[in-house]
Amino acid sequence: MALEKHIEKVLFSDEVIAHRVNQLGIDITSDFSGDSEETPIFVGVATGACLFLADLVRRIDLPIAIDFIRAESYGSGTVSSGVPRVSFDLKLDITNKHVVLVEDIVDTGNTLSCLIEHMKAKKASSVSVCTLLDKPSRRKVHYKLVGKGKFYSGFECPDEFVVGYGMDFAEQYRNLSYTGVLKPEYYM
């Protein structure tokens, strides 16, 4: 594939991602198994989390519902604007429901904090987060989960510009089956 020439290095191969996603599915299934009254709602943060969400929910051995939300903070750049906004809202009513926000990457925490507050305003009983990649070195906002919410992380990510497995630069590279560091000459 021609896109592979744009990648400086592979961070997580498709095999490594598949193994970790399977483990996350087992962990989430175990954590929610005791609450048979509530069907958790998995909310994919579009568009970056679409591949991760699809793979993750197929590893959840429980009745679930799925919805999407879109929050924008990057545009076509490489640095978050710091001012996220919800540009496409949920279809499902999450009042008194357990919500699992599924993110591709948690970077500064701005978008995640905005989305958690949005779920809280919609009266979710709990909000958990499941992110493929976590960049704690870039955290600026320390978010607070709702209710008995938990934080699930696939991998800690170095402070590099990462694409693939749903993550993009200017809507490109989402279709790579792995995550990798984009060569600077392709985004600077």
# chains A, B, ... in the order shown; residues from 1 in each chain; ligands from 1

$ residues_around --residues "segment 44-47 of chain A" --least-positions-apart "3" --cutoff "12 Å" --atoms "only C-alpha atoms" --output "mmCIF file with all heavy atoms, in the first residue's frame"
data_model
loop_
_atom_site.group_PDB
_atom_site.id
_atom_site.type_symbol
_atom_site.label_atom_id
_atom_site.label_comp_id
_atom_site.auth_asym_id
_atom_site.auth_seq_id
_atom_site.Cartn_x
_atom_site.Cartn_y
_atom_site.Cartn_z
ATOM 1 N N ILE A 41 -24.610 1.325 26.975
ATOM 2 C CA ILE A 41 -24.637 1.964 25.660
ATOM 3 C C ILE A 41 -23.206 2.358 25.312
ATOM 4 O O ILE A 41 -22.578 3.145 26.020
ATOM 5 C CB ILE A 41 -25.557 3.196 25.636
ATOM 6 C CG1 ILE A 41 -26.993 2.793 25.990
ATOM 7 C CG2 ILE A 41 -25.500 3.885 24.275
ATOM 8 C CD1 ILE A 41 -27.946 3.956 26.149
ATOM 9 N N CYS A 50 -14.206 4.595 14.977
ATOM 10 C CA CYS A 50 -15.114 3.671 14.281
ATOM 11 C C CYS A 50 -14.549 2.256 14.168
ATOM 12 O O CYS A 50 -15.260 1.279 14.439
ATOM 13 C CB CYS A 50 -15.532 4.215 12.926
ATOM 14 S SG CYS A 50 -14.194 4.383 11.741
ATOM 15 N N LEU A 51 -13.296 2.089 13.796
ATOM 16 C CA LEU A 51 -12.716 0.749 13.666
ATOM 17 C C LEU A 51 -12.545 0.091 15.030
ATOM 18 O O LEU A 51 -12.860 -1.092 15.205
ATOM 19 C CB LEU A 51 -11.377 0.805 12.932
ATOM 20 C CG LEU A 51 -11.409 1.341 11.502
ATOM 21 C CD1 LEU A 51 -10.019 1.343 10.903
ATOM 22 C CD2 LEU A 51 -12.363 0.549 10.638
ATOM 23 N N PHE A 52 -12.062 0.854 15.992
ATOM 24 C CA PHE A 52 -11.885 0.347 17.350
ATOM 25 C C PHE A 52 -13.229 -0.071 17.946
ATOM 26 O O PHE A 52 -13.354 -1.155 18.522
ATOM 27 C CB PHE A 52 -11.195 1.414 18.197
ATOM 28 C CG PHE A 52 -10.993 1.045 19.638
ATOM 29 C CD1 PHE A 52 -10.522 -0.206 20.007
ATOM 30 C CD2 PHE A 52 -11.240 1.972 20.631
ATOM 31 C CE1 PHE A 52 -10.317 -0.530 21.349
ATOM 32 C CE2 PHE A 52 -11.032 1.662 21.966
ATOM 33 C CZ PHE A 52 -10.574 0.406 22.326
ATOM 34 N N LEU A 53 -14.249 0.760 17.796
ATOM 35 C CA LEU A 53 -15.580 0.433 18.314
ATOM 36 C C LEU A 53 -16.098 -0.862 17.702
ATOM 37 O O LEU A 53 -16.593 -1.744 18.418
ATOM 38 C CB LEU A 53 -16.564 1.572 18.038
ATOM 39 C CG LEU A 53 -18.019 1.303 18.428
ATOM 40 C CD1 LEU A 53 -18.175 1.261 19.936
ATOM 41 C CD2 LEU A 53 -18.936 2.344 17.820
ATOM 42 N N ALA A 54 -15.986 -0.988 16.390
ATOM 43 C CA ALA A 54 -16.493 -2.190 15.705
ATOM 44 C C ALA A 54 -15.802 -3.447 16.230
ATOM 45 O O ALA A 54 -16.462 -4.463 16.503
ATOM 46 C CB ALA A 54 -16.298 -2.061 14.199
ATOM 47 N N ASP A 55 -14.502 -3.392 16.388
ATOM 48 C CA ASP A 55 -13.775 -4.560 16.889
ATOM 49 C C ASP A 55 -14.081 -4.811 18.363
ATOM 50 O O ASP A 55 -14.251 -5.959 18.788
ATOM 51 C CB ASP A 55 -12.274 -4.384 16.685
ATOM 52 C CG ASP A 55 -11.856 -4.517 15.226
ATOM 53 O OD1 ASP A 55 -12.664 -5.035 14.409
ATOM 54 O OD2 ASP A 55 -10.733 -4.104 14.902
ATOM 55 N N LEU A 56 -14.165 -3.751 19.149
ATOM 56 C CA LEU A 56 -14.406 -3.888 20.588
ATOM 57 C C LEU A 56 -15.761 -4.508 20.888
ATOM 58 O O LEU A 56 -15.852 -5.464 21.667
ATOM 59 C CB LEU A 56 -14.288 -2.517 21.272
ATOM 60 C CG LEU A 56 -14.564 -2.510 22.772
ATOM 61 C CD1 LEU A 56 -13.497 -3.294 23.525
ATOM 62 C CD2 LEU A 56 -14.641 -1.064 23.277
ATOM 63 N N VAL A 57 -16.818 -3.976 20.288
ATOM 64 C CA VAL A 57 -18.161 -4.468 20.654
ATOM 65 C C VAL A 57 -18.369 -5.917 20.239
ATOM 66 O O VAL A 57 -19.176 -6.618 20.854
ATOM 67 C CB VAL A 57 -19.296 -3.565 20.115
ATOM 68 C CG1 VAL A 57 -19.201 -2.165 20.729
ATOM 69 C CG2 VAL A 57 -19.309 -3.501 18.601
ATOM 70 N N ALA A 65 -26.144 -1.619 23.453
ATOM 71 C CA ALA A 65 -26.651 -0.710 22.422
ATOM 72 C C ALA A 65 -25.452 0.108 21.943
ATOM 73 O O ALA A 65 -24.451 0.254 22.660
ATOM 74 C CB ALA A 65 -27.733 0.198 22.987
ATOM 75 N N ILE A 66 -25.556 0.617 20.730
ATOM 76 C CA ILE A 66 -24.459 1.396 20.134
ATOM 77 C C ILE A 66 -25.026 2.692 19.575
ATOM 78 O O ILE A 66 -26.082 2.706 18.942
ATOM 79 C CB ILE A 66 -23.773 0.613 18.992
ATOM 80 C CG1 ILE A 66 -23.164 -0.679 19.516
ATOM 81 C CG2 ILE A 66 -22.709 1.470 18.307
ATOM 82 C CD1 ILE A 66 -22.641 -1.603 18.420
ATOM 83 N N ASP A 67 -24.296 3.767 19.806
ATOM 84 C CA ASP A 67 -24.651 5.062 19.241
ATOM 85 C C ASP A 67 -23.349 5.790 18.918
ATOM 86 O O ASP A 67 -22.261 5.303 19.230
ATOM 87 C CB ASP A 67 -25.499 5.871 20.229
ATOM 88 C CG ASP A 67 -26.376 6.921 19.562
ATOM 89 O OD1 ASP A 67 -26.159 7.224 18.367
ATOM 90 O OD2 ASP A 67 -27.274 7.444 20.233
ATOM 91 N N PHE A 68 -23.479 6.943 18.283
ATOM 92 C CA PHE A 68 -22.309 7.736 17.913
ATOM 93 C C PHE A 68 -22.508 9.186 18.305
ATOM 94 O O PHE A 68 -23.626 9.689 18.356
ATOM 95 C CB PHE A 68 -22.062 7.679 16.395
ATOM 96 C CG PHE A 68 -21.562 6.345 15.940
ATOM 97 C CD1 PHE A 68 -22.450 5.363 15.530
ATOM 98 C CD2 PHE A 68 -20.206 6.063 15.933
ATOM 99 C CE1 PHE A 68 -22.000 4.125 15.116
ATOM 100 C CE2 PHE A 68 -19.744 4.830 15.524
ATOM 101 C CZ PHE A 68 -20.633 3.854 15.116
ATOM 102 N N ILE A 69 -21.400 9.833 18.562
ATOM 103 C CA ILE A 69 -21.374 11.270 18.805
ATOM 104 C C ILE A 69 -20.151 11.801 18.073
ATOM 105 O O ILE A 69 -19.175 11.068 17.875
ATOM 106 C CB ILE A 69 -21.317 11.586 20.321
ATOM 107 C CG1 ILE A 69 -21.613 13.052 20.588
ATOM 108 C CG2 ILE A 69 -19.980 11.156 20.935
ATOM 109 C CD1 ILE A 69 -21.938 13.353 22.051
ATOM 110 N N ARG A 70 -20.226 13.017 17.637
ATOM 111 C CA ARG A 70 -19.068 13.623 16.977
ATOM 112 C C ARG A 70 -18.686 14.872 17.753
ATOM 113 O O ARG A 70 -19.524 15.727 18.016
ATOM 114 C CB ARG A 70 -19.385 13.983 15.533
ATOM 115 C CG ARG A 70 -18.195 14.576 14.786
ATOM 116 C CD ARG A 70 -18.554 14.910 13.364
ATOM 117 N NE ARG A 70 -18.892 13.697 12.648
ATOM 118 C CZ ARG A 70 -18.151 13.155 11.681
ATOM 119 N NH1 ARG A 70 -17.039 13.738 11.318
ATOM 120 N NH2 ARG A 70 -18.534 12.064 11.086
ATOM 121 N N ALA A 71 -17.436 14.927 18.120
ATOM 122 C CA ALA A 71 -16.886 16.110 18.775
ATOM 123 C C ALA A 71 -15.660 16.515 17.988
ATOM 124 O O ALA A 71 -14.828 15.669 17.651
ATOM 125 C CB ALA A 71 -16.517 15.810 20.215
ATOM 126 N N GLU A 72 -15.561 17.777 17.697
ATOM 127 C CA GLU A 72 -14.463 18.245 16.855
ATOM 128 C C GLU A 72 -13.571 19.190 17.632
ATOM 129 O O GLU A 72 -14.054 20.088 18.312
ATOM 130 C CB GLU A 72 -15.021 18.936 15.618
ATOM 131 C CG GLU A 72 -15.846 17.983 14.767
ATOM 132 C CD GLU A 72 -16.529 18.651 13.586
ATOM 133 O OE1 GLU A 72 -16.428 19.883 13.448
ATOM 134 O OE2 GLU A 72 -17.152 17.926 12.812
ATOM 135 N N SER A 73 -12.266 18.947 17.503
ATOM 136 C CA SER A 73 -11.302 19.855 18.103
ATOM 137 C C SER A 73 -10.025 19.973 17.279
ATOM 138 O O SER A 73 -9.179 20.785 17.580
ATOM 139 C CB SER A 73 -10.942 19.404 19.526
ATOM 140 O OG SER A 73 -10.293 18.170 19.497
ATOM 141 N N TYR A 74 -9.881 19.143 16.238
ATOM 142 C CA TYR A 74 -8.658 19.151 15.442
ATOM 143 C C TYR A 74 -8.826 19.802 14.082
ATOM 144 O O TYR A 74 -7.897 20.391 13.570
ATOM 145 C CB TYR A 74 -8.147 17.712 15.213
ATOM 146 C CG TYR A 74 -7.367 17.171 16.372
ATOM 147 C CD1 TYR A 74 -8.006 16.515 17.406
ATOM 148 C CD2 TYR A 74 -5.991 17.317 16.433
ATOM 149 C CE1 TYR A 74 -7.289 16.018 18.475
ATOM 150 C CE2 TYR A 74 -5.265 16.816 17.500
ATOM 151 C CZ TYR A 74 -5.922 16.167 18.522
ATOM 152 O OH TYR A 74 -5.224 15.664 19.573
ATOM 153 N N GLY A 75 -9.984 19.680 13.446
ATOM 154 C CA GLY A 75 -10.102 20.131 12.066
ATOM 155 C C GLY A 75 -9.158 19.310 11.214
ATOM 156 O O GLY A 75 -9.081 18.103 11.346
ATOM 157 N N VAL A 86 -19.585 19.588 20.357
ATOM 158 C CA VAL A 86 -20.368 18.459 19.865
ATOM 159 C C VAL A 86 -21.033 18.914 18.576
ATOM 160 O O VAL A 86 -21.803 19.870 18.567
ATOM 161 C CB VAL A 86 -21.423 18.007 20.905
ATOM 162 C CG1 VAL A 86 -22.335 16.947 20.332
ATOM 163 C CG2 VAL A 86 -20.725 17.497 22.163
ATOM 164 N N SER A 87 -20.724 18.236 17.477
ATOM 165 C CA SER A 87 -21.290 18.621 16.191
ATOM 166 C C SER A 87 -22.307 17.605 15.676
ATOM 167 O O SER A 87 -22.980 17.865 14.681
ATOM 168 C CB SER A 87 -20.172 18.819 15.157
ATOM 169 O OG SER A 87 -19.449 17.627 14.984
ATOM 170 N N PHE A 88 -22.408 16.458 16.340
ATOM 171 C CA PHE A 88 -23.404 15.439 15.990
ATOM 172 C C PHE A 88 -23.719 14.707 17.284
ATOM 173 O O PHE A 88 -22.835 14.131 17.907
ATOM 174 C CB PHE A 88 -22.821 14.479 14.948
ATOM 175 C CG PHE A 88 -23.762 13.386 14.523
ATOM 176 C CD1 PHE A 88 -24.718 13.617 13.549
ATOM 177 C CD2 PHE A 88 -23.699 12.129 15.110
ATOM 178 C CE1 PHE A 88 -25.595 12.612 13.154
ATOM 179 C CE2 PHE A 88 -24.560 11.119 14.726
ATOM 180 C CZ PHE A 88 -25.512 11.357 13.745
ATOM 181 N N ASP A 89 -24.981 14.759 17.687
ATOM 182 C CA ASP A 89 -25.351 14.251 19.006
ATOM 183 C C ASP A 89 -25.946 12.851 18.930
ATOM 184 O O ASP A 89 -26.231 12.322 17.853
ATOM 185 C CB ASP A 89 -26.342 15.214 19.675
ATOM 186 C CG ASP A 89 -26.247 15.204 21.193
ATOM 187 O OD1 ASP A 89 -25.658 14.261 21.763
ATOM 188 O OD2 ASP A 89 -26.767 16.145 21.817
ATOM 189 N N LEU A 90 -26.168 12.296 20.097
ATOM 190 C CA LEU A 90 -26.719 10.950 20.231
ATOM 191 C C LEU A 90 -28.142 10.851 19.711
ATOM 192 O O LEU A 90 -28.906 11.813 19.793
ATOM 193 C CB LEU A 90 -26.721 10.534 21.709
ATOM 194 C CG LEU A 90 -25.380 10.531 22.419
ATOM 195 C CD1 LEU A 90 -25.588 10.324 23.912
ATOM 196 C CD2 LEU A 90 -24.501 9.448 21.843
ATOM 197 N N VAL A 99 -23.027 4.426 30.218
ATOM 198 C CA VAL A 99 -22.439 4.811 28.932
ATOM 199 C C VAL A 99 -20.957 4.464 28.948
ATOM 200 O O VAL A 99 -20.259 4.725 29.935
ATOM 201 C CB VAL A 99 -22.630 6.322 28.670
ATOM 202 C CG1 VAL A 99 -21.852 6.773 27.442
ATOM 203 C CG2 VAL A 99 -24.105 6.662 28.520
ATOM 204 N N VAL A 100 -20.499 3.877 27.855
ATOM 205 C CA VAL A 100 -19.063 3.653 27.651
ATOM 206 C C VAL A 100 -18.674 4.479 26.431
ATOM 207 O O VAL A 100 -19.054 4.143 25.301
ATOM 208 C CB VAL A 100 -18.733 2.160 27.432
ATOM 209 C CG1 VAL A 100 -17.226 1.995 27.217
ATOM 210 C CG2 VAL A 100 -19.213 1.301 28.600
ATOM 211 N N LEU A 101 -17.970 5.572 26.661
ATOM 212 C CA LEU A 101 -17.453 6.385 25.560
ATOM 213 C C LEU A 101 -16.258 5.660 24.968
ATOM 214 O O LEU A 101 -15.332 5.292 25.700
ATOM 215 C CB LEU A 101 -17.002 7.757 26.057
ATOM 216 C CG LEU A 101 -18.068 8.804 26.309
ATOM 217 C CD1 LEU A 101 -17.462 10.012 27.017
ATOM 218 C CD2 LEU A 101 -18.708 9.230 25.002
ATOM 219 N N VAL A 102 -16.268 5.438 23.661
ATOM 220 C CA VAL A 102 -15.175 4.732 22.991
ATOM 221 C C VAL A 102 -14.428 5.745 22.135
ATOM 222 O O VAL A 102 -14.980 6.299 21.188
ATOM 223 C CB VAL A 102 -15.706 3.551 22.148
ATOM 224 C CG1 VAL A 102 -14.542 2.839 21.467
ATOM 225 C CG2 VAL A 102 -16.505 2.585 23.027
ATOM 226 N N GLU A 103 -13.176 5.974 22.518
ATOM 227 C CA GLU A 103 -12.312 6.972 21.875
ATOM 228 C C GLU A 103 -11.159 6.295 21.152
ATOM 229 O O GLU A 103 -10.712 5.228 21.567
ATOM 230 C CB GLU A 103 -11.715 7.889 22.948
ATOM 231 C CG GLU A 103 -12.546 9.099 23.287
ATOM 232 C CD GLU A 103 -12.294 10.250 22.339
ATOM 233 O OE1 GLU A 103 -11.970 10.010 21.151
ATOM 234 O OE2 GLU A 103 -12.430 11.393 22.764
ATOM 235 N N ASP A 104 -10.660 6.938 20.113
ATOM 236 C CA ASP A 104 -9.451 6.456 19.460
ATOM 237 C C ASP A 104 -8.227 6.815 20.281
ATOM 238 O O ASP A 104 -7.352 5.997 20.511
ATOM 239 C CB ASP A 104 -9.325 6.974 18.027
ATOM 240 C CG ASP A 104 -9.402 8.493 17.901
ATOM 241 O OD1 ASP A 104 -9.681 9.192 18.908
ATOM 242 O OD2 ASP A 104 -9.205 9.001 16.780
ATOM 243 N N ILE A 105 -8.187 8.066 20.761
ATOM 244 C CA ILE A 105 -7.021 8.539 21.514
ATOM 245 C C ILE A 105 -7.452 9.616 22.500
ATOM 246 O O ILE A 105 -8.279 10.463 22.173
ATOM 247 C CB ILE A 105 -5.921 9.062 20.550
ATOM 248 C CG1 ILE A 105 -4.629 9.372 21.297
ATOM 249 C CG2 ILE A 105 -6.407 10.242 19.733
ATOM 250 C CD1 ILE A 105 -3.429 9.558 20.383
ATOM 251 N N VAL A 106 -6.917 9.552 23.695
ATOM 252 C CA VAL A 106 -7.109 10.614 24.681
ATOM 253 C C VAL A 106 -5.785 11.347 24.765
ATOM 254 O O VAL A 106 -4.763 10.770 25.130
ATOM 255 C CB VAL A 106 -7.522 10.057 26.061
ATOM 256 C CG1 VAL A 106 -7.616 11.193 27.075
ATOM 257 C CG2 VAL A 106 -8.854 9.316 25.963
ATOM 258 N N THR A 111 -11.417 17.174 24.773
ATOM 259 C CA THR A 111 -12.588 16.581 24.124
ATOM 260 C C THR A 111 -13.274 15.605 25.057
ATOM 261 O O THR A 111 -14.498 15.620 25.199
ATOM 262 C CB THR A 111 -12.184 15.886 22.809
ATOM 263 O OG1 THR A 111 -11.595 16.857 21.942
ATOM 264 C CG2 THR A 111 -13.390 15.253 22.128
ATOM 265 N N LEU A 112 -12.495 14.770 25.712
ATOM 266 C CA LEU A 112 -13.074 13.786 26.610
ATOM 267 C C LEU A 112 -13.834 14.458 27.751
ATOM 268 O O LEU A 112 -14.950 14.060 28.088
ATOM 269 C CB LEU A 112 -11.988 12.873 27.164
ATOM 270 C CG LEU A 112 -12.480 11.734 28.044
ATOM 271 C CD1 LEU A 112 -13.480 10.856 27.306
ATOM 272 C CD2 LEU A 112 -11.295 10.908 28.523
ATOM 273 N N CYS A 114 -15.241 17.381 27.736
ATOM 274 C CA CYS A 114 -16.453 17.939 27.131
ATOM 275 C C CYS A 114 -17.518 16.849 26.957
ATOM 276 O O CYS A 114 -18.688 17.053 27.280
ATOM 277 C CB CYS A 114 -16.098 18.583 25.792
ATOM 278 S SG CYS A 114 -17.503 19.058 24.762
ATOM 279 N N LEU A 115 -17.113 15.696 26.459
ATOM 280 C CA LEU A 115 -18.064 14.608 26.212
ATOM 281 C C LEU A 115 -18.605 14.015 27.513
ATOM 282 O O LEU A 115 -19.799 13.687 27.603
ATOM 283 C CB LEU A 115 -17.418 13.521 25.363
ATOM 284 C CG LEU A 115 -17.135 13.919 23.922
ATOM 285 C CD1 LEU A 115 -16.342 12.829 23.213
ATOM 286 C CD2 LEU A 115 -18.424 14.226 23.173
ATOM 287 N N ILE A 116 -17.762 13.888 28.510
ATOM 288 C CA ILE A 116 -18.236 13.381 29.806
ATOM 289 C C ILE A 116 -19.263 14.341 30.388
ATOM 290 O O ILE A 116 -20.328 13.920 30.873
ATOM 291 C CB ILE A 116 -17.057 13.158 30.771
ATOM 292 C CG1 ILE A 116 -16.210 11.972 30.299
ATOM 293 C CG2 ILE A 116 -17.567 12.923 32.197
ATOM 294 C CD1 ILE A 116 -14.887 11.803 31.039
ATOM 295 N N VAL A 129 -14.895 5.215 30.085
ATOM 296 C CA VAL A 129 -14.177 5.564 28.865
ATOM 297 C C VAL A 129 -13.316 4.374 28.480
ATOM 298 O O VAL A 129 -12.638 3.786 29.325
ATOM 299 C CB VAL A 129 -13.280 6.807 29.079
ATOM 300 C CG1 VAL A 129 -12.391 7.051 27.871
ATOM 301 C CG2 VAL A 129 -14.129 8.024 29.393
ATOM 302 N N CYS A 130 -13.360 4.028 27.203
ATOM 303 C CA CYS A 130 -12.465 3.013 26.662
ATOM 304 C C CYS A 130 -11.748 3.640 25.474
ATOM 305 O O CYS A 130 -12.373 3.964 24.466
ATOM 306 C CB CYS A 130 -13.239 1.763 26.237
ATOM 307 S SG CYS A 130 -12.152 0.434 25.678
ATOM 308 N N THR A 131 -10.457 3.838 25.617
ATOM 309 C CA THR A 131 -9.670 4.453 24.558
ATOM 310 C C THR A 131 -8.623 3.473 24.047
ATOM 311 O O THR A 131 -8.050 2.709 24.833
ATOM 312 C CB THR A 131 -8.987 5.760 25.034
ATOM 313 O OG1 THR A 131 -8.334 6.373 23.917
ATOM 314 C CG2 THR A 131 -7.988 5.531 26.150
ATOM 315 N N LEU A 132 -8.402 3.486 22.765
ATOM 316 C CA LEU A 132 -7.347 2.649 22.206
ATOM 317 C C LEU A 132 -5.986 3.154 22.674
ATOM 318 O O LEU A 132 -5.159 2.386 23.151
ATOM 319 C CB LEU A 132 -7.399 2.635 20.676
ATOM 320 C CG LEU A 132 -6.281 1.825 20.025
ATOM 321 C CD1 LEU A 132 -6.440 0.326 20.326
ATOM 322 C CD2 LEU A 132 -6.235 2.070 18.529
ATOM 323 N N TYR A 165 -5.700 2.752 11.946
ATOM 324 C CA TYR A 165 -6.726 2.088 12.737
ATOM 325 C C TYR A 165 -7.804 3.099 13.177
ATOM 326 O O TYR A 165 -8.209 3.176 14.315
ATOM 327 C CB TYR A 165 -6.099 1.369 13.930
ATOM 328 C CG TYR A 165 -7.017 0.354 14.582
ATOM 329 C CD1 TYR A 165 -7.410 -0.801 13.919
ATOM 330 C CD2 TYR A 165 -7.481 0.554 15.867
ATOM 331 C CE1 TYR A 165 -8.252 -1.722 14.514
ATOM 332 C CE2 TYR A 165 -8.325 -0.365 16.480
ATOM 333 C CZ TYR A 165 -8.710 -1.493 15.799
ATOM 334 O OH TYR A 165 -9.541 -2.412 16.397
ATOM 335 N N GLY A 166 -8.232 3.903 12.206
ATOM 336 C CA GLY A 166 -9.286 4.884 12.440
ATOM 337 C C GLY A 166 -8.794 6.306 12.613
ATOM 338 O O GLY A 166 -9.537 7.257 12.390
ATOM 339 N N MET A 167 -7.547 6.472 13.022
ATOM 340 C CA MET A 167 -7.019 7.818 13.260
ATOM 341 C C MET A 167 -6.452 8.387 11.963
ATOM 342 O O MET A 167 -5.903 7.649 11.151
ATOM 343 C CB MET A 167 -5.954 7.780 14.355
ATOM 344 C CG MET A 167 -6.566 7.453 15.708
ATOM 345 S SD MET A 167 -5.348 7.158 16.973
ATOM 346 C CE MET A 167 -4.933 5.456 16.583
ATOM 347 N N ASP A 168 -6.592 9.693 11.817
ATOM 348 C CA ASP A 168 -6.277 10.303 10.523
ATOM 349 C C ASP A 168 -5.400 11.533 10.643
ATOM 350 O O ASP A 168 -5.206 12.077 11.721
ATOM 351 C CB ASP A 168 -7.576 10.702 9.827
ATOM 352 C CG ASP A 168 -8.196 11.946 10.445
ATOM 353 O OD1 ASP A 168 -8.443 11.967 11.674
ATOM 354 O OD2 ASP A 168 -8.441 12.929 9.713
ATOM 355 N N PHE A 169 -4.949 11.958 9.500
ATOM 356 C CA PHE A 169 -4.488 13.311 9.279
ATOM 357 C C PHE A 169 -5.211 13.770 8.027
ATOM 358 O O PHE A 169 -5.082 13.133 6.962
ATOM 359 C CB PHE A 169 -2.967 13.405 9.069
ATOM 360 C CG PHE A 169 -2.548 14.779 8.626
ATOM 361 C CD1 PHE A 169 -2.688 15.860 9.480
ATOM 362 C CD2 PHE A 169 -2.079 15.002 7.354
ATOM 363 C CE1 PHE A 169 -2.347 17.138 9.063
ATOM 364 C CE2 PHE A 169 -1.735 16.274 6.922
ATOM 365 C CZ PHE A 169 -1.875 17.342 7.789
ATOM 366 N N ALA A 170 -5.990 14.847 8.141
ATOM 367 C CA ALA A 170 -6.760 15.394 7.020
ATOM 368 C C ALA A 170 -7.577 14.302 6.316
ATOM 369 O O ALA A 170 -7.616 14.224 5.097
ATOM 370 C CB ALA A 170 -5.848 16.126 6.036
ATOM 371 N N GLU A 171 -8.203 13.445 7.121
ATOM 372 C CA GLU A 171 -9.094 12.361 6.673
ATOM 373 C C GLU A 171 -8.375 11.231 5.936
ATOM 374 O O GLU A 171 -9.013 10.355 5.374
ATOM 375 C CB GLU A 171 -10.253 12.895 5.814
ATOM 376 C CG GLU A 171 -11.162 13.848 6.556
ATOM 377 C CD GLU A 171 -11.785 13.241 7.805
ATOM 378 O OE1 GLU A 171 -12.144 12.052 7.801
ATOM 379 O OE2 GLU A 171 -11.909 13.981 8.799
ATOM 380 N N GLN A 172 -7.058 11.204 5.968
ATOM 381 C CA GLN A 172 -6.282 10.133 5.342
ATOM 382 C C GLN A 172 -5.703 9.205 6.409
ATOM 383 O O GLN A 172 -5.585 9.595 7.566
ATOM 384 C CB GLN A 172 -5.138 10.721 4.511
ATOM 385 C CG GLN A 172 -5.600 11.640 3.403
ATOM 386 C CD GLN A 172 -6.412 10.911 2.355
ATOM 387 O OE1 GLN A 172 -5.992 9.907 1.803
ATOM 388 N NE2 GLN A 172 -7.607 11.417 2.086
ATOM 389 N N ARG A 174 -6.863 6.523 7.869
ATOM 390 C CA ARG A 174 -7.769 5.796 8.774
ATOM 391 C C ARG A 174 -7.787 4.300 8.467
ATOM 392 O O ARG A 174 -7.997 3.489 9.350
ATOM 393 C CB ARG A 174 -9.199 6.324 8.647
ATOM 394 C CG ARG A 174 -9.415 7.707 9.182
ATOM 395 C CD ARG A 174 -10.916 8.032 9.217
ATOM 396 N NE ARG A 174 -11.168 9.441 9.389
ATOM 397 C CZ ARG A 174 -11.132 10.081 10.556
ATOM 398 N NH1 ARG A 174 -10.838 9.427 11.646
ATOM 399 N NH2 ARG A 174 -11.395 11.363 10.619
ATOM 400 N N ASN A 175 -7.601 3.949 7.211
ATOM 401 C CA ASN A 175 -7.764 2.570 6.763
ATOM 402 C C ASN A 175 -6.542 1.689 7.002
ATOM 403 O O ASN A 175 -6.579 0.495 6.705
ATOM 404 C CB ASN A 175 -8.138 2.534 5.285
ATOM 405 C CG ASN A 175 -7.143 3.265 4.406
ATOM 406 O OD1 ASN A 175 -6.655 4.341 4.767
ATOM 407 N ND2 ASN A 175 -6.839 2.709 3.260
#

$ residues_around --residues "segment 6-9 of chain A" --least-positions-apart "2" --cutoff "6 Å" --atoms "only C-alpha atoms" --output "VMD selection string"
chain A and resid 3 to 4 180 to 183

$ atom_distance --atom1 "atom CA of Tyr173 of chain A" --atom2 "atom CA of Ser137 of chain A"
23.8 Å
